[in-house]
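Pasting work-v2.pdb here (PDB, C-alpha atoms):
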```pdb
MODEL        1
ATOM      1  CA  MET A   1     -24.095  28.358  -1.277  1.00  0.00           C
ATOM      2  CA  ALA A   2     -26.407  28.402   1.784  1.00  0.00           C
ATOM      3  CA  GLY A   3     -23.457  27.674   4.096  1.00  0.00           C
ATOM      4  CA  ARG A   4     -21.499  30.575   2.567  1.00  0.00           C
ATOM      5  CA  MET A   5     -24.483  32.926   3.036  1.00  0.00           C
ATOM      6  CA  ALA A   6     -24.804  31.809   6.665  1.00  0.00           C
ATOM      7  CA  ARG A   7     -21.142  32.594   7.319  1.00  0.00           C
ATOM      8  CA  THR A   8     -21.590  36.000   5.644  1.00  0.00           C
ATOM      9  CA  SER A   9     -24.605  36.734   7.860  1.00  0.00           C
ATOM     10  CA  LEU A  10     -22.618  35.890  10.990  1.00  0.00           C
ATOM     11  CA  PHE A  11     -19.896  38.259   9.837  1.00  0.00           C
ATOM     12  CA  VAL A  12     -22.469  41.029   9.284  1.00  0.00           C
ATOM     13  CA  VAL A  13     -23.953  40.435  12.740  1.00  0.00           C
ATOM     14  CA  SER A  14     -20.532  40.631  14.329  1.00  0.00           C
ATOM     15  CA  LEU A  15     -19.688  43.764  12.361  1.00  0.00           C
ATOM     16  CA  CYS A  16     -22.932  45.506  13.338  1.00  0.00           C
ATOM     17  CA  VAL A  17     -22.522  44.632  16.979  1.00  0.00           C
ATOM     18  CA  GLY A  18     -18.934  45.823  16.936  1.00  0.00           C
ATOM     19  CA  LEU A  19     -19.746  49.131  15.249  1.00  0.00           C
ATOM     20  CA  LEU A  20     -22.612  49.931  17.587  1.00  0.00           C
ATOM     21  CA  ILE A  21     -20.624  49.033  20.673  1.00  0.00           C
ATOM     22  CA  VAL A  22     -17.696  51.126  19.485  1.00  0.00           C
ATOM     23  CA  GLY A  23     -20.060  54.020  18.816  1.00  0.00           C
ATOM     24  CA  GLN A  24     -21.522  53.776  22.258  1.00  0.00           C
ATOM     25  CA  LEU A  25     -18.126  53.518  23.876  1.00  0.00           C
ATOM     26  CA  ARG A  26     -16.946  56.566  21.958  1.00  0.00           C
ATOM     27  CA  SER A  27     -20.049  58.467  23.026  1.00  0.00           C
ATOM     28  CA  GLN A  28     -19.494  57.454  26.608  1.00  0.00           C
ATOM     29  CA  ALA A  29     -15.802  58.250  26.326  1.00  0.00           C
ATOM     30  CA  THR A  30     -16.633  61.851  25.383  1.00  0.00           C
ATOM     31  CA  PRO A  31     -16.331  63.964  28.481  1.00  0.00           C
ATOM     32  CA  ILE A  32     -19.848  64.830  29.527  1.00  0.00           C
ATOM     33  CA  ALA A  33     -20.482  66.836  32.618  1.00  0.00           C
ATOM     34  CA  LEU A  34     -23.634  65.037  33.608  1.00  0.00           C
ATOM     35  CA  SER A  35     -24.058  67.389  36.492  1.00  0.00           C
ATOM     36  CA  SER A  36     -24.297  70.275  34.042  1.00  0.00           C
ATOM     37  CA  LEU A  37     -27.120  68.639  32.026  1.00  0.00           C
ATOM     38  CA  SER A  38     -30.682  69.496  32.707  1.00  0.00           C
ATOM     39  CA  ALA A  39     -33.261  66.892  33.528  1.00  0.00           C
ATOM     40  CA  GLN A  40     -34.642  67.212  30.008  1.00  0.00           C
ATOM     41  CA  GLU A  41     -31.203  66.702  28.456  1.00  0.00           C
ATOM     42  CA  LEU A  42     -30.530  63.665  30.656  1.00  0.00           C
ATOM     43  CA  SER A  43     -33.883  62.214  29.656  1.00  0.00           C
ATOM     44  CA  THR A  44     -33.068  62.779  25.968  1.00  0.00           C
ATOM     45  CA  LEU A  45     -29.675  61.066  26.371  1.00  0.00           C
ATOM     46  CA  VAL A  46     -31.245  58.033  28.040  1.00  0.00           C
ATOM     47  CA  GLU A  47     -33.909  57.801  25.334  1.00  0.00           C
ATOM     48  CA  THR A  48     -31.224  57.978  22.623  1.00  0.00           C
ATOM     49  CA  LEU A  49     -29.167  55.181  24.155  1.00  0.00           C
ATOM     50  CA  THR A  50     -32.295  53.089  24.715  1.00  0.00           C
ATOM     51  CA  ALA A  51     -33.384  53.572  21.118  1.00  0.00           C
ATOM     52  CA  ARG A  52     -29.957  52.502  19.872  1.00  0.00           C
ATOM     53  CA  ASN A  53     -30.088  49.371  22.008  1.00  0.00           C
ATOM     54  CA  VAL A  54     -33.563  48.541  20.640  1.00  0.00           C
ATOM     55  CA  GLU A  55     -32.365  49.053  17.057  1.00  0.00           C
ATOM     56  CA  LEU A  56     -29.391  46.802  17.717  1.00  0.00           C
ATOM     57  CA  ALA A  57     -31.592  44.108  19.267  1.00  0.00           C
ATOM     58  CA  ASP A  58     -34.050  44.264  16.348  1.00  0.00           C
ATOM     59  CA  ALA A  59     -31.257  44.069  13.757  1.00  0.00           C
ATOM     60  CA  LEU A  60     -29.668  41.174  15.597  1.00  0.00           C
ATOM     61  CA  ALA A  61     -33.011  39.318  15.748  1.00  0.00           C
ATOM     62  CA  ASP A  62     -33.566  39.855  12.009  1.00  0.00           C
ATOM     63  CA  LEU A  63     -30.120  38.562  11.111  1.00  0.00           C
ATOM     64  CA  ARG A  64     -30.535  35.553  13.375  1.00  0.00           C
ATOM     65  CA  GLY A  65     -33.829  34.803  11.611  1.00  0.00           C
ATOM     66  CA  GLN A  66     -32.108  35.007   8.223  1.00  0.00           C
ATOM     67  CA  LEU A  67     -29.350  32.769   9.509  1.00  0.00           C
ATOM     68  CA  ARG A  68     -31.910  30.133  10.584  1.00  0.00           C
ATOM     69  CA  GLU A  69     -33.507  30.315   7.126  1.00  0.00           C
ATOM     70  CA  TYR A  70     -30.114  29.826   5.464  1.00  0.00           C
ATOM     71  CA  GLU A  71     -29.333  26.880   7.729  1.00  0.00           C
ATOM     72  CA  LEU A  72     -32.713  25.280   6.941  1.00  0.00           C
ATOM     73  CA  ALA A  73     -32.193  25.885   3.220  1.00  0.00           C
ATOM     74  CA  ASP A  74     -28.725  24.339   3.455  1.00  0.00           C
ATOM     75  CA  ALA A  75     -30.108  21.237   5.213  1.00  0.00           C
ATOM     76  CA  GLN A  76     -32.962  20.980   2.699  1.00  0.00           C
ATOM     77  CA  GLY A  77     -30.493  21.331  -0.152  1.00  0.00           C
ATOM     78  CA  ARG A  78     -28.407  18.463   1.197  1.00  0.00           C
ATOM     79  CA  SER A  79     -31.561  16.373   1.617  1.00  0.00           C
ATOM     80  CA  ASP A  80     -32.711  17.100  -1.944  1.00  0.00           C
ATOM     81  CA  MET A  81     -29.247  16.256  -3.241  1.00  0.00           C
ATOM     82  CA  ALA A  82     -29.278  12.912  -1.401  1.00  0.00           C
ATOM     83  CA  ILE A  83     -32.698  12.116  -2.879  1.00  0.00           C
ATOM     84  CA  SER A  84     -31.478  13.056  -6.362  1.00  0.00           C
ATOM     85  CA  GLU A  85     -28.390  10.880  -6.000  1.00  0.00           C
ATOM     86  CA  GLU A  86     -30.512   7.939  -4.839  1.00  0.00           C
ATOM     87  CA  ALA A  87     -32.868   8.401  -7.800  1.00  0.00           C
ATOM     88  CA  LEU A  88     -29.896   8.550 -10.164  1.00  0.00           C
ATOM     89  CA  ARG A  89     -28.504   5.313  -8.751  1.00  0.00           C
ATOM     90  CA  GLY A  90     -31.880   3.646  -9.269  1.00  0.00           C
ATOM     91  CA  ILE A  91     -32.159   4.872 -12.844  1.00  0.00           C
ATOM     92  CA  SER A  92     -28.594   3.795 -13.632  1.00  0.00           C
ATOM     93  CA  ALA A  93     -29.243   0.326 -12.216  1.00  0.00           C
ATOM     94  CA  PHE A  94     -32.512  -0.069 -14.111  1.00  0.00           C
ATOM     95  CA  ALA A  95     -31.011   1.125 -17.400  1.00  0.00           C
ATOM     96  CA  GLY A  96     -28.005  -1.176 -17.078  1.00  0.00           C
ATOM     97  CA  LEU A  97     -25.401   1.550 -16.647  1.00  0.00           C
ATOM     98  CA  SER A  98     -24.213   0.125 -13.343  1.00  0.00           C
ATOM     99  CA  ALA A  99     -23.667  -3.369 -11.982  1.00  0.00           C
ATOM    100  CA  VAL A 100     -26.325  -4.659  -9.596  1.00  0.00           C
ATOM    101  CA  SER A 101     -26.658  -7.551  -7.173  1.00  0.00           C
ATOM    102  CA  GLY A 102     -29.495  -9.325  -5.446  1.00  0.00           C
ATOM    103  CA  GLN A 103     -31.370 -12.589  -5.172  1.00  0.00           C
ATOM    104  CA  GLY A 104     -32.572 -14.428  -8.253  1.00  0.00           C
ATOM    105  CA  VAL A 105     -31.856 -17.450 -10.422  1.00  0.00           C
ATOM    106  CA  VAL A 106     -28.979 -18.740 -12.512  1.00  0.00           C
ATOM    107  CA  ILE A 107     -29.905 -20.719 -15.602  1.00  0.00           C
ATOM    108  CA  ASN A 108     -27.319 -22.789 -17.463  1.00  0.00           C
ATOM    109  CA  VAL A 109     -28.609 -23.329 -20.985  1.00  0.00           C
ATOM    110  CA  GLU A 110     -27.571 -25.602 -23.825  1.00  0.00           C
ATOM    111  CA  GLY A 111     -29.203 -26.255 -27.185  1.00  0.00           C
ATOM    112  CA  SER A 112     -29.529 -25.323 -30.838  1.00  0.00           C
ATOM    113  CA  PHE A 113     -30.697 -21.789 -30.140  1.00  0.00           C
ATOM    114  CA  ASP A 114     -31.469 -19.272 -32.850  1.00  0.00           C
ATOM    115  CA  PRO A 115     -31.932 -15.508 -32.271  1.00  0.00           C
ATOM    116  CA  THR A 116     -35.723 -15.854 -32.053  1.00  0.00           C
ATOM    117  CA  ALA A 117     -35.470 -18.436 -29.254  1.00  0.00           C
ATOM    118  CA  VAL A 118     -33.027 -16.240 -27.287  1.00  0.00           C
ATOM    119  CA  ASN A 119     -35.245 -13.182 -27.693  1.00  0.00           C
ATOM    120  CA  ASP A 120     -38.303 -15.189 -26.598  1.00  0.00           C
ATOM    121  CA  LEU A 121     -36.447 -16.334 -23.501  1.00  0.00           C
ATOM    122  CA  ILE A 122     -35.399 -12.760 -22.628  1.00  0.00           C
ATOM    123  CA  TYR A 123     -38.939 -11.526 -23.193  1.00  0.00           C
ATOM    124  CA  GLU A 124     -40.387 -14.234 -20.936  1.00  0.00           C
ATOM    125  CA  LEU A 125     -37.918 -13.417 -18.146  1.00  0.00           C
ATOM    126  CA  ARG A 126     -38.850  -9.745 -18.323  1.00  0.00           C
ATOM    127  CA  ASN A 127     -42.535 -10.613 -18.092  1.00  0.00           C
ATOM    128  CA  ALA A 128     -41.758 -12.813 -15.089  1.00  0.00           C
ATOM    129  CA  GLY A 129     -40.470  -9.780 -13.169  1.00  0.00           C
ATOM    130  CA  ALA A 130     -36.746  -9.840 -13.907  1.00  0.00           C
ATOM    131  CA  GLU A 131     -35.110  -6.648 -12.631  1.00  0.00           C
ATOM    132  CA  ALA A 132     -31.744  -7.301 -14.287  1.00  0.00           C
ATOM    133  CA  ILE A 133     -30.554  -9.932 -16.780  1.00  0.00           C
ATOM    134  CA  SER A 134     -27.176 -10.919 -18.163  1.00  0.00           C
ATOM    135  CA  ILE A 135     -26.274 -13.619 -20.665  1.00  0.00           C
ATOM    136  CA  ASP A 136     -22.714 -14.715 -20.017  1.00  0.00           C
ATOM    137  CA  GLU A 137     -21.076 -11.307 -19.416  1.00  0.00           C
ATOM    138  CA  VAL A 138     -23.473  -9.258 -21.566  1.00  0.00           C
ATOM    139  CA  ARG A 139     -25.941  -7.080 -19.652  1.00  0.00           C
ATOM    140  CA  VAL A 140     -29.348  -7.197 -21.291  1.00  0.00           C
ATOM    141  CA  THR A 141     -30.770  -3.684 -21.668  1.00  0.00           C
ATOM    142  CA  ALA A 142     -33.851  -2.269 -23.363  1.00  0.00           C
ATOM    143  CA  ARG A 143     -31.848  -2.063 -26.607  1.00  0.00           C
ATOM    144  CA  THR A 144     -30.443  -5.604 -26.474  1.00  0.00           C
ATOM    145  CA  VAL A 145     -31.647  -7.892 -29.269  1.00  0.00           C
ATOM    146  CA  ALA A 146     -30.223 -11.255 -30.248  1.00  0.00           C
ATOM    147  CA  VAL A 147     -29.166 -11.319 -33.909  1.00  0.00           C
ATOM    148  CA  LEU A 148     -27.493 -13.822 -36.163  1.00  0.00           C
ATOM    149  CA  GLY A 149     -23.834 -12.963 -36.647  1.00  0.00           C
ATOM    150  CA  PRO A 150     -21.336 -14.359 -39.156  1.00  0.00           C
ATOM    151  CA  SER A 151     -20.877 -17.585 -37.235  1.00  0.00           C
ATOM    152  CA  SER A 152     -23.042 -17.457 -34.116  1.00  0.00           C
ATOM    153  CA  ILE A 153     -25.751 -15.558 -32.256  1.00  0.00           C
ATOM    154  CA  GLN A 154     -24.668 -12.125 -31.062  1.00  0.00           C
ATOM    155  CA  LEU A 155     -25.855  -9.906 -28.223  1.00  0.00           C
ATOM    156  CA  ASP A 156     -24.686  -6.293 -28.430  1.00  0.00           C
ATOM    157  CA  GLY A 157     -21.925  -7.433 -30.777  1.00  0.00           C
ATOM    158  CA  VAL A 158     -20.743 -10.225 -28.457  1.00  0.00           C
ATOM    159  CA  ALA A 159     -20.973 -13.819 -29.707  1.00  0.00           C
ATOM    160  CA  ILE A 160     -22.629 -16.462 -27.540  1.00  0.00           C
ATOM    161  CA  GLY A 161     -22.203 -20.168 -28.145  1.00  0.00           C
ATOM    162  CA  PRO A 162     -24.567 -23.137 -27.860  1.00  0.00           C
ATOM    163  CA  GLN A 163     -23.903 -23.152 -24.106  1.00  0.00           C
ATOM    164  CA  PHE A 164     -24.443 -19.993 -22.080  1.00  0.00           C
ATOM    165  CA  GLN A 165     -25.410 -18.855 -18.623  1.00  0.00           C
ATOM    166  CA  ILE A 166     -28.249 -16.499 -17.769  1.00  0.00           C
ATOM    167  CA  ARG A 167     -28.195 -14.598 -14.483  1.00  0.00           C
ATOM    168  CA  VAL A 168     -31.480 -13.021 -13.473  1.00  0.00           C
ATOM    169  CA  ILE A 169     -32.168 -10.788 -10.467  1.00  0.00           C
ATOM    170  CA  GLY A 170     -35.713 -10.919  -9.153  1.00  0.00           C
ATOM    171  CA  SER A 171     -38.006 -13.056  -7.051  1.00  0.00           C
ATOM    172  CA  PRO A 172     -36.604 -16.615  -7.297  1.00  0.00           C
ATOM    173  CA  ASP A 173     -40.014 -18.203  -6.754  1.00  0.00           C
ATOM    174  CA  GLY A 174     -41.709 -15.962  -9.287  1.00  0.00           C
ATOM    175  CA  LEU A 175     -39.026 -16.470 -11.927  1.00  0.00           C
ATOM    176  CA  ARG A 176     -38.972 -20.228 -11.502  1.00  0.00           C
ATOM    177  CA  SER A 177     -42.764 -20.516 -11.604  1.00  0.00           C
ATOM    178  CA  ALA A 178     -43.008 -18.394 -14.749  1.00  0.00           C
ATOM    179  CA  ILE A 179     -40.456 -20.219 -16.871  1.00  0.00           C
ATOM    180  CA  GLU A 180     -41.122 -23.752 -15.592  1.00  0.00           C
ATOM    181  CA  ARG A 181     -44.915 -23.609 -15.794  1.00  0.00           C
ATOM    182  CA  PRO A 182     -46.661 -26.101 -18.080  1.00  0.00           C
ATOM    183  CA  GLY A 183     -46.782 -24.653 -21.565  1.00  0.00           C
ATOM    184  CA  GLY A 184     -44.192 -22.025 -20.623  1.00  0.00           C
ATOM    185  CA  ILE A 185     -41.073 -20.955 -22.472  1.00  0.00           C
ATOM    186  CA  MET A 186     -38.858 -23.684 -21.000  1.00  0.00           C
ATOM    187  CA  ARG A 187     -41.216 -26.467 -22.046  1.00  0.00           C
ATOM    188  CA  LEU A 188     -41.691 -25.001 -25.525  1.00  0.00           C
ATOM    189  CA  LEU A 189     -37.947 -24.684 -26.160  1.00  0.00           C
ATOM    190  CA  GLN A 190     -37.258 -28.154 -24.823  1.00  0.00           C
ATOM    191  CA  GLN A 191     -39.697 -29.549 -27.372  1.00  0.00           C
ATOM    192  CA  SER A 192     -38.786 -27.331 -30.338  1.00  0.00           C
ATOM    193  CA  ILE A 193     -34.976 -27.213 -30.199  1.00  0.00           C
ATOM    194  CA  SER A 194     -34.133 -29.869 -27.604  1.00  0.00           C
ATOM    195  CA  ALA A 195     -32.889 -27.192 -25.241  1.00  0.00           C
ATOM    196  CA  ARG A 196     -31.629 -28.179 -21.805  1.00  0.00           C
ATOM    197  CA  PHE A 197     -31.954 -25.989 -18.722  1.00  0.00           C
ATOM    198  CA  VAL A 198     -30.440 -26.246 -15.253  1.00  0.00           C
ATOM    199  CA  LEU A 199     -31.997 -23.635 -12.953  1.00  0.00           C
ATOM    200  CA  THR A 200     -30.737 -22.848  -9.473  1.00  0.00           C
ATOM    201  CA  GLU A 201     -31.990 -20.250  -7.035  1.00  0.00           C
ATOM    202  CA  GLU A 202     -29.338 -17.972  -5.563  1.00  0.00           C
ATOM    203  CA  ARG A 203     -29.502 -15.590  -2.618  1.00  0.00           C
ATOM    204  CA  ARG A 204     -26.994 -13.223  -4.188  1.00  0.00           C
ATOM    205  CA  ILE A 205     -26.242 -12.744  -7.881  1.00  0.00           C
ATOM    206  CA  THR A 206     -24.185 -10.010  -9.513  1.00  0.00           C
ATOM    207  CA  VAL A 207     -25.135  -8.737 -12.944  1.00  0.00           C
ATOM    208  CA  PRO A 208     -22.516  -6.566 -14.682  1.00  0.00           C
ATOM    209  CA  ALA A 209     -23.045  -3.149 -16.214  1.00  0.00           C
ATOM    210  CA  THR A 210     -23.497  -2.872 -19.939  1.00  0.00           C
ATOM    211  CA  GLN A 211     -20.486  -2.089 -22.098  1.00  0.00           C
ATOM    212  CA  ARG A 212     -22.731  -0.619 -24.744  1.00  0.00           C
ATOM    213  CA  ASP A 213     -23.075   3.122 -25.334  1.00  0.00           C
ATOM    214  CA  LEU A 214     -26.702   3.856 -24.498  1.00  0.00           C
ATOM    215  CA  VAL A 215     -26.663   7.558 -25.445  1.00  0.00           C
ATOM    216  CA  PRO A 216     -29.424   8.150 -28.036  1.00  0.00           C
ATOM    217  CA  THR A 217     -28.245   9.255 -31.459  1.00  0.00           C
ATOM    218  CA  THR A 218     -31.565  10.777 -32.545  1.00  0.00           C
ATOM    219  CA  ALA A 219     -33.848  11.244 -29.553  1.00  0.00           C
ATOM    220  CA  VAL A 220     -33.408  14.298 -27.315  1.00  0.00           C
ATOM    221  CA  ALA A 221     -34.876  15.014 -23.891  1.00  0.00           C
ATOM    222  CA  VAL A 222     -37.959  17.227 -23.746  1.00  0.00           C
ATOM    223  CA  GLU A 223     -37.513  20.121 -21.330  1.00  0.00           C
TER     224      GLU A 223
ENDMDL
END
```

Step by step, read the file and then write its structure as structure tokens.
Amino acid sequence: MAGRMARTSLFVVSLCVGLLIVGQLRSQATPIALSSLSAQELSTLVETLTARNVELADALADLRGQLREYELADAQGRSDMAISEEALRGISAFAGLSAVSGQGVVINVEGSFDPTAVNDLIYELRNAGAEAISIDEVRVTARTVAVLGPSSIQLDGVAIGPQFQIRVIGSPDGLRSAIERPGGIMRLLQQSISARFVLTEERRITVPATQRDLVPTTAVAVE
């Protein structure tokens, strides 16, 4: 919009300049016997032409000022749009709507897990600073809860078996320290359900986007 207004202003400037120049040329083209004009009439003619030139210069300065304002507004609009797009990408990544990658840990898990144990593990990883989590190919979002399905544990309607892989993006040192600490979730699950964990730190992990529809069915945004 700002770019279109700037182009319109340039057209107006050009049109004004053209009209005034044409007017002056036509006035000058009119046969005037300067020798027949009195000193007072010559003075009046000079003042008239000078006044027209001043009006033209003032109008041109005003339009150039408007053009600079439009150009600044256009640049600011592009900057605001870039900021908005960056914020949207961040929100989408945090919510699980887009795939993300980064450093973190990969945990290969095996054991007689029940939904409570899986949920406890997810909760502990979140508390440890996990920025994104997936179990096998299921992205864990704020609405993800492990439940007992007909024959196995399910996450967002997807069954997971007794062996699964957890990919977690976050600080590798922080994640490892939190889940391997004495009395932590790993130790508790190893004792309660004979769970086995193999944790490796990775410099680059990719966590997929969720396949779940996250649009609220009841809640609406407050404007």

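Of note, atom CA of A:Ile169 and atom CA of A:Glu85 are spaced 22.4 Å apart.
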
Test item: residues at most 12 Å from A:Ile166, only C-alpha atoms, excluding those fewer than 3 positions along its chain, as JSON, numbers by chain: {"A": [104, 105, 106, 107, 108, 109, 110, 118, 121, 122, 125, 130, 132, 133, 134, 135, 136, 137, 138, 139, 140, 160, 163, 169, 197, 198, 199, 200, 201, 205, 206, 207, 208]}

Same residues, C-alpha atoms, saved as a PDB file, in the coordinates of the input:
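Contents of selection31.pdb, freshly written:
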```
ATOM      1  CA  GLY A 104     -32.572 -14.428  -8.253  1.00  0.00           C
ATOM      2  CA  VAL A 105     -31.856 -17.450 -10.422  1.00  0.00           C
ATOM      3  CA  VAL A 106     -28.979 -18.740 -12.512  1.00  0.00           C
ATOM      4  CA  ILE A 107     -29.905 -20.719 -15.602  1.00  0.00           C
ATOM      5  CA  ASN A 108     -27.319 -22.789 -17.463  1.00  0.00           C
ATOM      6  CA  VAL A 109     -28.609 -23.329 -20.985  1.00  0.00           C
ATOM      7  CA  GLU A 110     -27.571 -25.602 -23.825  1.00  0.00           C
ATOM      8  CA  VAL A 118     -33.027 -16.240 -27.287  1.00  0.00           C
ATOM      9  CA  LEU A 121     -36.447 -16.334 -23.501  1.00  0.00           C
ATOM     10  CA  ILE A 122     -35.399 -12.760 -22.628  1.00  0.00           C
ATOM     11  CA  LEU A 125     -37.918 -13.417 -18.146  1.00  0.00           C
ATOM     12  CA  ALA A 130     -36.746  -9.840 -13.907  1.00  0.00           C
ATOM     13  CA  ALA A 132     -31.744  -7.301 -14.287  1.00  0.00           C
ATOM     14  CA  ILE A 133     -30.554  -9.932 -16.780  1.00  0.00           C
ATOM     15  CA  SER A 134     -27.176 -10.919 -18.163  1.00  0.00           C
ATOM     16  CA  ILE A 135     -26.274 -13.619 -20.665  1.00  0.00           C
ATOM     17  CA  ASP A 136     -22.714 -14.715 -20.017  1.00  0.00           C
ATOM     18  CA  GLU A 137     -21.076 -11.307 -19.416  1.00  0.00           C
ATOM     19  CA  VAL A 138     -23.473  -9.258 -21.566  1.00  0.00           C
ATOM     20  CA  ARG A 139     -25.941  -7.080 -19.652  1.00  0.00           C
ATOM     21  CA  VAL A 140     -29.348  -7.197 -21.291  1.00  0.00           C
ATOM     22  CA  ILE A 160     -22.629 -16.462 -27.540  1.00  0.00           C
ATOM     23  CA  GLN A 163     -23.903 -23.152 -24.106  1.00  0.00           C
ATOM     24  CA  ILE A 169     -32.168 -10.788 -10.467  1.00  0.00           C
ATOM     25  CA  PHE A 197     -31.954 -25.989 -18.722  1.00  0.00           C
ATOM     26  CA  VAL A 198     -30.440 -26.246 -15.253  1.00  0.00           C
ATOM     27  CA  LEU A 199     -31.997 -23.635 -12.953  1.00  0.00           C
ATOM     28  CA  THR A 200     -30.737 -22.848  -9.473  1.00  0.00           C
ATOM     29  CA  GLU A 201     -31.990 -20.250  -7.035  1.00  0.00           C
ATOM     30  CA  ILE A 205     -26.242 -12.744  -7.881  1.00  0.00           C
ATOM     31  CA  THR A 206     -24.185 -10.010  -9.513  1.00  0.00           C
ATOM     32  CA  VAL A 207     -25.135  -8.737 -12.944  1.00  0.00           C
ATOM     33  CA  PRO A 208     -22.516  -6.566 -14.682  1.00  0.00           C
TER      34      PRO A 208
END
```

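Taking atom CA of A:Gly184 and atom CA of A:Ser112 as the two end points, the separation is 18.2 Å.
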
Quick one, how far is atom CA of A:Ser98 from atom CA of A:Val168? 15.0 Å

I'd like to know which of A:Val145, A:Leu88, A:Ala128, A:Val100 is closest to A:Thr116, using all atoms listed in the file. A:Val145

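Distance annotation: of A:Asp173, A:Glu47, A:Asp120, A:Asp114, the residue with the minimal separation from A:Ile185 is A:Asp120; atom set is all atoms listed in the file.
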
Between A:Ile153, A:Glu124, A:Phe94, A:Ser192, which has the minimum distance to A:Glu180 (counting all atoms listed in the file)? A:Glu124

Could you tell me which of A:Gly174, A:Val147, A:Asp58, A:Glu131 comes closest to A:Ala99 if we count all atoms listed in the file? A:Glu131

Can you tell me, as lines of an AutoDock Vina configuration file, the centre and edge lengths (Å, one decimal) of the axis-aligned box enclosing all of stretch 200-203 of chain A's listed atoms after padding each side by 6 Å?
```
center_x = -30.7
center_y = -19.2
center_z = -6.0
size_x = 14.7
size_y = 19.3
size_z = 18.9
```
